[in-house]
>>> print(open('work06.csv').read())   # CSV, C-alpha atoms
chain,number,residue,atom,x,y,z
A,1,MET,CA,53.0,-16.5,-28.0
A,2,SER,CA,51.0,-17.5,-24.9
A,3,ALA,CA,52.4,-14.4,-23.2
A,4,PHE,CA,51.1,-12.3,-26.0
A,5,ILE,CA,47.6,-13.8,-25.7
A,6,LEU,CA,47.7,-13.3,-22.0
A,7,ASN,CA,48.6,-9.6,-22.5
A,8,PHE,CA,45.9,-9.3,-25.0
A,9,ILE,CA,43.3,-10.7,-22.6
A,10,PHE,CA,44.5,-8.4,-19.7
A,11,LEU,CA,44.2,-5.4,-22.0
A,12,PHE,CA,40.5,-5.9,-22.2
A,13,LEU,CA,39.8,-6.7,-18.6
A,14,PRO,CA,38.7,-3.8,-16.4
A,15,ALA,CA,41.6,-2.4,-14.4
A,16,GLU,CA,40.1,-3.4,-11.1
A,17,PRO,CA,37.4,-6.0,-11.3
A,18,VAL,CA,35.4,-6.4,-8.2
A,19,GLN,CA,37.2,-8.4,-5.5
A,20,GLU,CA,35.3,-10.5,-3.0
A,21,VAL,CA,36.5,-9.8,0.5
A,22,THR,CA,35.9,-11.2,4.0
A,23,LEU,CA,35.2,-8.9,6.9
A,24,GLU,CA,38.7,-9.4,8.2
A,25,GLN,CA,40.1,-8.5,4.8
A,26,LEU,CA,38.0,-5.4,4.7
A,27,GLN,CA,39.1,-4.4,8.2
A,28,ALA,CA,42.7,-4.9,7.2
A,29,ARG,CA,42.3,-2.9,4.1
A,30,VAL,CA,40.8,0.3,5.6
A,31,ILE,CA,40.1,0.1,9.3
A,32,GLN,CA,43.5,-1.0,10.5
A,33,GLN,CA,45.6,1.1,8.2
A,34,ASN,CA,48.1,3.4,9.7
A,35,ASN,CA,49.1,5.6,6.8
A,36,ASP,CA,47.3,9.0,7.3
A,37,THR,CA,45.0,8.3,4.4
A,38,LEU,CA,41.3,9.2,5.0
A,39,TYR,CA,39.3,6.2,4.1
A,40,VAL,CA,35.7,6.9,2.9
A,41,VAL,CA,33.9,3.6,3.1
A,42,ASN,CA,30.4,3.4,1.5
A,43,PHE,CA,28.2,0.4,2.0
A,44,TRP,CA,25.8,0.0,-1.0
A,45,ALA,CA,24.3,-2.5,-3.4
A,46,THR,CA,23.1,-2.5,-7.0
A,47,TRP,CA,19.5,-3.2,-5.8
A,48,CYS,CA,19.5,-0.2,-3.5
A,49,LYS,CA,18.2,2.8,-5.5
A,50,PRO,CA,19.3,5.6,-3.1
A,51,CYS,CA,22.7,3.9,-2.9
A,52,VAL,CA,23.0,3.9,-6.7
A,53,ALA,CA,21.8,7.5,-6.8
A,54,GLU,CA,24.6,8.7,-4.5
A,55,LEU,CA,27.4,6.7,-6.2
A,56,PRO,CA,28.2,9.6,-8.6
A,57,TYR,CA,28.8,11.8,-5.5
A,58,PHE,CA,31.5,9.5,-4.3
A,59,GLU,CA,33.0,9.4,-7.8
A,60,THR,CA,33.1,13.2,-7.9
A,61,ALA,CA,34.4,13.5,-4.4
A,62,ALA,CA,37.3,11.1,-5.1
A,63,ALA,CA,38.2,13.1,-8.3
A,64,GLN,CA,38.0,16.4,-6.4
A,65,PHE,CA,40.3,15.2,-3.6
A,66,LYS,CA,42.6,13.1,-5.8
A,67,THR,CA,45.7,15.1,-4.9
A,68,GLN,CA,45.1,14.5,-1.2
A,69,LYS,CA,45.3,11.4,0.9
A,70,VAL,CA,41.7,10.3,0.4
A,71,LYS,CA,40.6,6.8,-0.7
A,72,VAL,CA,37.0,6.0,-1.4
A,73,LEU,CA,36.1,2.3,-1.1
A,74,LEU,CA,32.7,1.1,-2.3
A,75,VAL,CA,31.7,-2.0,-0.3
A,76,SER,CA,28.9,-3.8,-2.2
A,77,LEU,CA,26.4,-5.9,-0.1
A,78,ASP,CA,25.0,-7.5,-3.2
A,79,PHE,CA,24.2,-11.2,-2.9
A,80,ILE,CA,27.3,-13.2,-3.6
A,81,ARG,CA,25.4,-15.1,-6.4
A,82,ASP,CA,24.9,-11.7,-8.1
A,83,LYS,CA,28.7,-11.0,-8.5
A,84,GLN,CA,28.5,-11.0,-12.3
A,85,LYS,CA,25.7,-8.5,-12.2
A,86,LEU,CA,27.8,-6.3,-9.9
A,87,ASP,CA,30.9,-6.7,-12.2
A,88,LYS,CA,28.8,-5.7,-15.2
A,89,PHE,CA,27.3,-2.7,-13.3
A,90,VAL,CA,30.7,-1.4,-12.3
A,91,VAL,CA,32.1,-1.7,-15.8
A,92,GLU,CA,29.0,-0.2,-17.5
A,93,ARG,CA,28.8,2.7,-15.1
A,94,THR,CA,32.6,3.1,-15.4
A,95,ILE,CA,33.0,3.4,-11.7
A,96,LYS,CA,36.5,4.5,-10.9
A,97,ASN,CA,36.5,4.1,-7.2
A,98,GLU,CA,37.5,0.6,-6.0
A,99,VAL,CA,34.5,-1.7,-5.5
A,100,VAL,CA,34.7,-4.8,-3.3
A,101,LEU,CA,32.0,-7.4,-2.6
A,102,LEU,CA,31.7,-8.2,1.1
A,103,ASN,CA,31.2,-11.9,1.9
A,104,ALA,CA,30.9,-11.8,5.6
A,105,GLY,CA,28.2,-14.3,6.5
A,106,ASN,CA,25.6,-13.6,9.2
A,107,PRO,CA,24.9,-9.8,9.2
A,108,ASN,CA,23.8,-10.1,12.8
A,109,VAL,CA,27.4,-10.9,13.7
A,110,TRP,CA,29.3,-8.6,11.3
A,111,ILE,CA,27.2,-5.4,11.3
A,112,ASP,CA,28.1,-4.7,15.0
A,113,LYS,CA,31.8,-5.3,14.2
A,114,ILE,CA,31.7,-2.4,11.7
A,115,GLU,CA,29.4,-0.1,13.7
A,116,PRO,CA,27.2,-0.9,16.8
A,117,GLU,CA,24.9,2.1,15.9
A,118,TRP,CA,24.2,0.7,12.5
A,119,GLY,CA,20.8,-1.0,12.2
A,120,GLY,CA,21.7,-2.5,8.8
A,121,ALA,CA,19.9,-0.2,6.4
A,122,ILE,CA,21.9,1.0,3.4
A,123,PRO,CA,23.4,3.2,2.2
A,124,ALA,CA,25.8,3.6,5.1
A,125,THR,CA,29.0,5.6,5.1
A,126,LEU,CA,32.0,5.6,7.5
A,127,LEU,CA,35.3,7.5,7.6
A,128,TYR,CA,38.5,6.2,9.0
A,129,ARG,CA,42.0,7.4,9.4
A,130,ASN,CA,44.9,5.7,11.2
A,131,GLY,CA,42.6,3.0,12.5
A,132,GLU,CA,40.2,5.5,14.0
A,133,LYS,CA,36.6,5.8,13.1
A,134,LEU,CA,35.9,9.5,12.4
A,135,PHE,CA,32.3,9.4,11.1
A,136,PHE,CA,29.3,7.2,10.6
A,137,ARG,CA,26.0,7.7,8.9
A,138,GLU,CA,23.1,5.4,8.1
A,139,GLY,CA,21.6,7.2,5.2
A,140,GLU,CA,22.2,9.2,2.0
A,141,PHE,CA,24.4,12.0,1.1
A,142,GLU,CA,24.2,15.0,-1.1
A,143,GLN,CA,27.3,16.1,-3.1
A,144,THR,CA,28.0,19.3,-1.2
A,145,GLU,CA,27.5,17.5,2.2
A,146,LEU,CA,29.9,14.7,1.2
A,147,ASP,CA,32.5,17.2,-0.1
A,148,SER,CA,32.4,19.4,3.0
A,149,LEU,CA,32.5,16.3,5.3
A,150,ILE,CA,35.7,15.1,3.6
A,151,GLN,CA,37.2,18.6,3.6
A,152,THR,CA,36.4,19.0,7.3
A,153,LYS,CA,38.2,15.7,8.1
A,154,LEU,CA,41.2,16.7,6.0
A,155,ASN,CA,41.7,20.0,7.8
B,156,MET,CA,32.5,30.6,34.7
B,157,ASN,CA,30.3,27.9,36.3
B,158,ARG,CA,27.5,29.0,34.2
B,159,LEU,CA,29.6,28.7,31.1
B,160,ILE,CA,30.5,25.2,32.0
B,161,LEU,CA,26.9,24.4,32.6
B,162,LEU,CA,26.0,25.9,29.3
B,163,ALA,CA,28.7,24.0,27.6
B,164,THR,CA,27.7,20.7,29.2
B,165,THR,CA,24.0,21.3,28.4
B,166,PHE,CA,25.0,21.9,24.8
B,167,PHE,CA,27.1,18.8,24.8
B,168,PHE,CA,24.2,16.7,26.0
B,169,LEU,CA,21.9,18.4,23.5
B,170,VAL,CA,24.0,17.6,20.5
B,171,SER,CA,25.1,14.1,21.7
B,172,PHE,CA,21.5,13.1,22.6
B,173,LYS,CA,20.1,10.8,20.1
B,174,PRO,CA,16.4,10.9,19.4
B,175,ASP,CA,14.6,7.9,20.9
B,176,GLY,CA,15.0,5.2,18.3
B,177,GLY,CA,11.5,3.7,18.9
B,178,TYR,CA,10.8,0.7,21.0
B,179,LYS,CA,13.3,-1.4,22.8
B,180,VAL,CA,12.6,-5.0,24.0
B,181,GLY,CA,10.4,-4.8,27.1
B,182,ASP,CA,8.6,-1.6,26.0
B,183,VAL,CA,4.9,-1.3,25.7
B,184,ALA,CA,3.8,-1.0,22.1
B,185,THR,CA,0.9,1.1,21.2
B,186,ASP,CA,-1.8,-0.3,19.0
B,187,PHE,CA,-2.6,1.2,15.6
B,188,LYS,CA,-5.5,1.3,13.1
B,189,LEU,CA,-4.3,0.9,9.5
B,190,LEU,CA,-5.9,0.2,6.1
B,191,ASN,CA,-5.6,-3.4,5.0
B,192,VAL,CA,-5.3,-4.5,1.4
B,193,THR,CA,-8.8,-5.9,1.7
B,194,GLY,CA,-10.1,-2.4,2.2
B,195,SER,CA,-10.9,-2.7,5.9
B,196,MET,CA,-9.2,-1.0,8.8
B,197,ILE,CA,-7.2,-3.3,11.1
B,198,SER,CA,-6.0,-2.9,14.7
B,199,LEU,CA,-4.1,-5.5,16.7
B,200,GLY,CA,-6.8,-5.1,19.4
B,201,ASP,CA,-9.4,-6.5,16.9
B,202,ASN,CA,-7.9,-10.0,17.3
B,203,LYS,CA,-9.0,-11.0,20.7
B,204,VAL,CA,-7.7,-14.6,20.6
B,205,ALA,CA,-4.1,-13.9,19.6
B,206,GLN,CA,-1.4,-14.2,22.3
B,207,GLY,CA,0.7,-11.7,20.4
B,208,PHE,CA,1.7,-10.7,16.9
B,209,ILE,CA,4.7,-10.9,14.5
B,210,VAL,CA,4.7,-7.4,13.2
B,211,VAL,CA,6.8,-7.2,10.0
B,212,PHE,CA,7.7,-3.8,8.4
B,213,THR,CA,8.1,-4.6,4.8
B,214,CYS,CA,7.3,-3.3,1.3
B,215,ASN,CA,6.9,-4.3,-2.3
B,216,HIS,CA,10.0,-2.8,-3.9
B,217,CYS,CA,12.9,-3.9,-1.7
B,218,PRO,CA,14.7,-7.0,-2.9
B,219,PHE,CA,15.3,-8.1,0.7
B,220,SER,CA,11.5,-8.0,1.3
B,221,VAL,CA,10.8,-9.8,-1.9
B,222,LYS,CA,13.3,-12.5,-0.8
B,223,TYR,CA,11.4,-13.0,2.4
B,224,GLU,CA,7.8,-12.9,1.1
B,225,ASP,CA,7.4,-16.7,1.1
B,226,ARG,CA,9.1,-17.0,4.4
B,227,ILE,CA,6.7,-14.4,5.9
B,228,ASN,CA,3.8,-16.4,4.5
B,229,GLU,CA,5.2,-19.6,6.1
B,230,LEU,CA,5.6,-17.8,9.4
B,231,ASN,CA,2.0,-16.9,9.4
B,232,LYS,CA,0.9,-20.3,8.5
B,233,LYS,CA,3.0,-21.9,11.2
B,234,TYR,CA,2.2,-19.4,14.0
B,235,ALA,CA,-1.2,-17.9,13.4
B,236,THR,CA,-2.9,-21.0,14.7
B,237,LYS,CA,-0.6,-21.1,17.7
B,238,GLY,CA,-1.6,-17.5,18.7
B,239,TYR,CA,1.0,-15.4,16.9
B,240,PRO,CA,-0.3,-14.2,13.5
B,241,VAL,CA,1.8,-12.1,11.2
B,242,VAL,CA,0.8,-8.5,10.6
B,243,ALA,CA,2.7,-6.8,7.7
B,244,ILE,CA,3.0,-3.1,7.4
B,245,ASN,CA,4.3,-1.0,4.5
B,246,SER,CA,5.4,2.5,5.6
B,247,ASN,CA,7.4,3.6,2.5
B,248,ASP,CA,6.8,7.0,0.9
B,249,VAL,CA,4.7,6.3,-2.2
B,250,LEU,CA,6.1,9.4,-3.9
B,251,GLN,CA,9.6,7.9,-3.9
B,252,TYR,CA,8.5,4.4,-4.7
B,253,ASP,CA,5.3,4.0,-6.8
B,254,GLU,CA,5.8,0.2,-6.4
B,255,ASP,CA,4.9,0.6,-2.7
B,256,SER,CA,1.6,2.3,-3.4
B,257,TYR,CA,-1.6,1.0,-1.8
B,258,ASP,CA,-2.8,-0.3,-5.2
B,259,ASN,CA,0.4,-2.1,-5.8
B,260,MET,CA,0.2,-3.6,-2.3
B,261,ILE,CA,-3.2,-5.1,-3.2
B,262,ILE,CA,-1.7,-6.6,-6.4
B,263,ARG,CA,1.3,-8.1,-4.5
B,264,ALA,CA,-0.8,-9.5,-1.7
B,265,LYS,CA,-3.0,-11.3,-4.3
B,266,GLU,CA,0.0,-12.5,-6.4
B,267,LYS,CA,1.8,-13.9,-3.4
B,268,ASN,CA,-1.4,-15.2,-1.7
B,269,PHE,CA,-0.5,-13.3,1.5
B,270,SER,CA,-2.3,-15.2,4.3
B,271,PHE,CA,-1.9,-12.2,6.6
B,272,PRO,CA,-3.0,-8.5,6.7
B,273,TYR,CA,-0.8,-6.2,4.7
B,274,LEU,CA,-1.4,-2.7,6.1
B,275,HIS,CA,-0.6,0.7,4.6
B,276,ASP,CA,1.1,3.0,7.1
B,277,GLU,CA,0.3,6.0,5.0
B,278,THR,CA,1.4,8.7,7.5
B,279,GLN,CA,4.5,6.6,8.6
B,280,ALA,CA,3.4,7.2,12.2
B,281,VAL,CA,3.5,3.5,13.1
B,282,ALA,CA,7.0,2.9,11.7
B,283,LYS,CA,8.2,6.0,13.5
B,284,SER,CA,6.7,5.0,16.9
B,285,TYR,CA,8.1,1.4,16.5
B,286,GLY,CA,11.5,2.7,15.4
B,287,ALA,CA,11.5,0.6,12.2
B,288,THR,CA,14.3,1.7,9.9
B,289,ARG,CA,14.6,-1.0,7.3
B,290,THR,CA,12.6,-3.6,5.4
B,291,PRO,CA,12.1,-6.3,6.5
B,292,HIS,CA,12.2,-5.3,10.2
B,293,VAL,CA,10.3,-7.5,12.7
B,294,TYR,CA,8.8,-6.7,16.1
B,295,ILE,CA,7.2,-9.5,18.0
B,296,VAL,CA,4.8,-8.3,20.6
B,297,GLN,CA,3.1,-10.4,23.3
B,298,LYS,CA,-0.1,-9.6,25.1
B,299,GLU,CA,0.3,-9.1,28.8
B,300,LYS,CA,-3.1,-8.1,30.4
B,301,ASP,CA,-4.2,-5.2,28.3
B,302,ASN,CA,-0.7,-4.3,27.1
B,303,LEU,CA,1.4,-5.3,24.1
B,304,ILE,CA,4.9,-5.9,25.2
B,305,VAL,CA,7.8,-5.9,22.7
B,306,LYS,CA,9.6,-9.2,23.0
B,307,TYR,CA,11.9,-9.3,20.0
B,308,ILE,CA,13.2,-6.8,17.5
B,309,GLY,CA,15.2,-7.6,14.4
B,310,ALA,CA,15.8,-10.0,11.5
B,311,ILE,CA,13.7,-12.9,10.3
B,312,ASP,CA,16.7,-15.1,10.0
B,313,ASP,CA,20.4,-15.0,9.2
B,314,ASN,CA,20.4,-15.5,5.4
B,315,ALA,CA,18.2,-13.2,3.2
B,316,ASP,CA,19.6,-14.6,0.0
B,317,ASP,CA,19.1,-18.3,0.6
B,318,ALA,CA,16.3,-19.7,2.7
B,319,ALA,CA,17.8,-23.2,2.4
B,320,ALA,CA,21.1,-22.0,3.9
B,321,VAL,CA,19.6,-20.4,7.0
B,322,LYS,CA,21.3,-21.4,10.2
B,323,HIS,CA,19.4,-19.2,12.7
B,324,LYS,CA,15.7,-18.7,12.4
B,325,TYR,CA,15.5,-15.8,14.8
B,326,VAL,CA,11.8,-15.1,14.6
B,327,GLU,CA,10.8,-18.8,14.9
B,328,ASN,CA,13.2,-19.1,17.8
B,329,ALA,CA,11.6,-16.1,19.5
B,330,VAL,CA,8.0,-17.2,19.0
B,331,ASP,CA,8.8,-20.8,20.1
B,332,ALA,CA,10.4,-19.4,23.3
B,333,LEU,CA,7.3,-17.2,24.0
B,334,LEU,CA,5.0,-20.2,23.4
B,335,ALA,CA,7.1,-22.2,25.9
B,336,ALA,CA,7.1,-19.3,28.3
B,337,LYS,CA,10.8,-19.1,28.1
B,338,PRO,CA,13.1,-16.0,27.7
B,339,VAL,CA,13.7,-15.0,24.1
B,340,ASN,CA,17.4,-15.3,23.2
B,341,PRO,CA,18.5,-13.5,21.2
B,342,ASP,CA,15.8,-10.8,21.6
B,343,PHE,CA,17.6,-8.3,19.3
B,344,THR,CA,19.3,-9.0,15.9
B,345,LYS,CA,20.4,-7.0,12.9
B,346,ALA,CA,20.2,-7.5,9.2
B,347,ILE,CA,21.0,-5.7,6.0
B,348,GLY,CA,17.9,-4.2,4.4
B,349,CYS,CA,16.4,-1.4,2.4
B,350,SER,CA,16.0,1.8,4.4
B,351,ILE,CA,12.4,2.8,5.0
B,352,LYS,CA,11.8,5.8,2.7
B,353,TRP,CA,10.6,8.7,4.8
B,354,LYS,CA,8.5,11.5,3.3
B,355,LYS,CA,10.5,14.6,2.4
>>> encode(input="work06.csv", output="structure tokens")
Amino acid sequence: MSAFILNFIFLFLPAEPVQEVTLEQLQARVIQQNNDTLYVVNFWATWCKPCVAELPYFETAAAQFKTQKVKVLLVSLDFIRDKQKLDKFVVERTIKNEVVLLNAGNPNVWIDKIEPEWGGAIPATLLYRNGEKLFFREGEFEQTELDSLIQTKLN
Amino acid sequence: MNRLILLATTFFFLVSFKPDGGYKVGDVATDFKLLNVTGSMISLGDNKVAQGFIVVFTCNHCPFSVKYEDRINELNKKYATKGYPVVAINSNDVLQYDEDSYDNMIIRAKEKNFSFPYLHDETQAVAKSYGATRTPHVYIVQKEKDNLIVKYIGAIDDNADDAAAVKHKYVENAVDALLAAKPVNPDFTKAIGCSIKWKK
């Protein structure tokens, strides 16, 4: 009976609710991977309008390259106390790419560990494969730009 | 062949050369003349008694800037009398963010009782010359003879979300060091923030 109720609950939970990750967990997930997958990592937040505006481009790109070894990870820099707001946003917008909430402490320490050239403005996007950083941009994307960037890195 | 190599290297340097990202610590900052929310034009040079300035690139719309409004007010209250007043500058493109318009700056300054000038960098020239990229983005400059020398670039502190949980008050630490004639350490920090919205 209780198993039935549990199943029932899980049925109505979003498939991938937003996980909170540390910097080390994020690095282990994408930066230190050795599996030929191209990781497209986008730093964003629900409060950042240009970030929200470009989210559909990342959704479209992920769908377009779904048969290839491409993984888009949306790393939210929302305030930790706004986790519920983020969860709601992800469900309401039916965001299919995986979203994680970064809880990494002092930005002055962790920003450089991701990218020394990054001043801290978002959106920011990085590409990795086999532990190697292939691309970094502090700024927005257009759909065609993002698609051709991913295509270039797959070739 | 040599020419080809030269051409190739020149090209390499051209494409790998990054545009000057504004000021670095130690650089001489140029003064500006910008419209304050009071309606008057303000230059740093107008203030003859200041030893330096806490120049804060900020804006109305950015949640990070909003989080810091009270702290920026406190900074001015604490350091203006000691010779380091705050000068806040909004450089965002009004077309992209109506909330950052001059009229809305006036409203916000009144609402929050800004105790410091809140200037409109309408042409974005000041943000570009300083190299500001996000809000809030702080540049502390110190007067040395007739020059303004950049002494600190970066974040106000290490916790935008929660002022009570701040461990490192970077700007206070920097101004305290300048007041004590000591080296500023750290003199460069990073923070997450909204990107400054450039005109298209």
>>> residues_around(input="work06.csv", residues="Gln33 of chain A", least_positions_apart="4", cutoff="9 Å", atoms="only C-alpha atoms", output="PyMOL selection string")
chain A and resi 27-29+37+128-131
>>> write_last_selection(input="work06.csv", atoms="C-alpha atoms", output="mmCIF file, in the frame of the given file")
data_model
loop_
_atom_site.group_PDB
_atom_site.id
_atom_site.type_symbol
_atom_site.label_atom_id
_atom_site.label_comp_id
_atom_site.auth_asym_id
_atom_site.auth_seq_id
_atom_site.Cartn_x
_atom_site.Cartn_y
_atom_site.Cartn_z
ATOM 1 C CA GLN A 27 39.100 -4.400 8.200
ATOM 2 C CA ALA A 28 42.700 -4.900 7.200
ATOM 3 C CA ARG A 29 42.300 -2.900 4.100
ATOM 4 C CA THR A 37 45.000 8.300 4.400
ATOM 5 C CA TYR A 128 38.500 6.200 9.000
ATOM 6 C CA ARG A 129 42.000 7.400 9.400
ATOM 7 C CA ASN A 130 44.900 5.700 11.200
ATOM 8 C CA GLY A 131 42.600 3.000 12.500
#
>>> atom_distance(input="work06.csv", atom1="atom CA of Asp87 of chain A", atom2="atom CA of Gln25 of chain A")
19.4 Å
>>> atom_distance(input="work06.csv", atom1="atom CA of Phe219 of chain B", atom2="atom CA of Ala318 of chain B")
11.8 Å
>>> residues_near_point(input="work06.csv", point="(12.2, -14.5, 12.3)", cutoff="9 Å", atoms="only C-alpha atoms", output="list in words")
Ile209, Arg226, Ile227, Leu230, Val293, Gly309, Ala310, Ile311, Asp312, Asp313, His323, Lys324, Tyr325, Val326, Glu327, Asn328, Ala329 and Val330 of chain B
>>> closest_residue(input="work06.csv", among="B:Asp331, B:Asp258, B:Asp317, B:Glu277", to="chain A", atoms="all atoms listed in the file")
B:Asp317
>>> interface_residues(input="work06.csv", of="chain B", to="chain A", cutoff="6 Å", atoms="only C-alpha atoms", output="PDB file with C-alpha atoms, in the frame of the given file")
ATOM      1  CA  ARG B 289      14.600  -1.000   7.300  1.00  0.00           C
ATOM      2  CA  ASP B 313      20.400 -15.000   9.200  1.00  0.00           C
ATOM      3  CA  THR B 344      19.300  -9.000  15.900  1.00  0.00           C
ATOM      4  CA  LYS B 345      20.400  -7.000  12.900  1.00  0.00           C
ATOM      5  CA  ALA B 346      20.200  -7.500   9.200  1.00  0.00           C
ATOM      6  CA  ILE B 347      21.000  -5.700   6.000  1.00  0.00           C
ATOM      7  CA  GLY B 348      17.900  -4.200   4.400  1.00  0.00           C
ATOM      8  CA  CYS B 349      16.400  -1.400   2.400  1.00  0.00           C
ATOM      9  CA  SER B 350      16.000   1.800   4.400  1.00  0.00           C
TER      10      SER B 350
END
>>> closest_residue(input="work06.csv", among="A:Asn42, A:Asn103, A:Gln32, A:Gln19", to="Phe136 of chain A", atoms="all atoms listed in the file")
A:Asn42
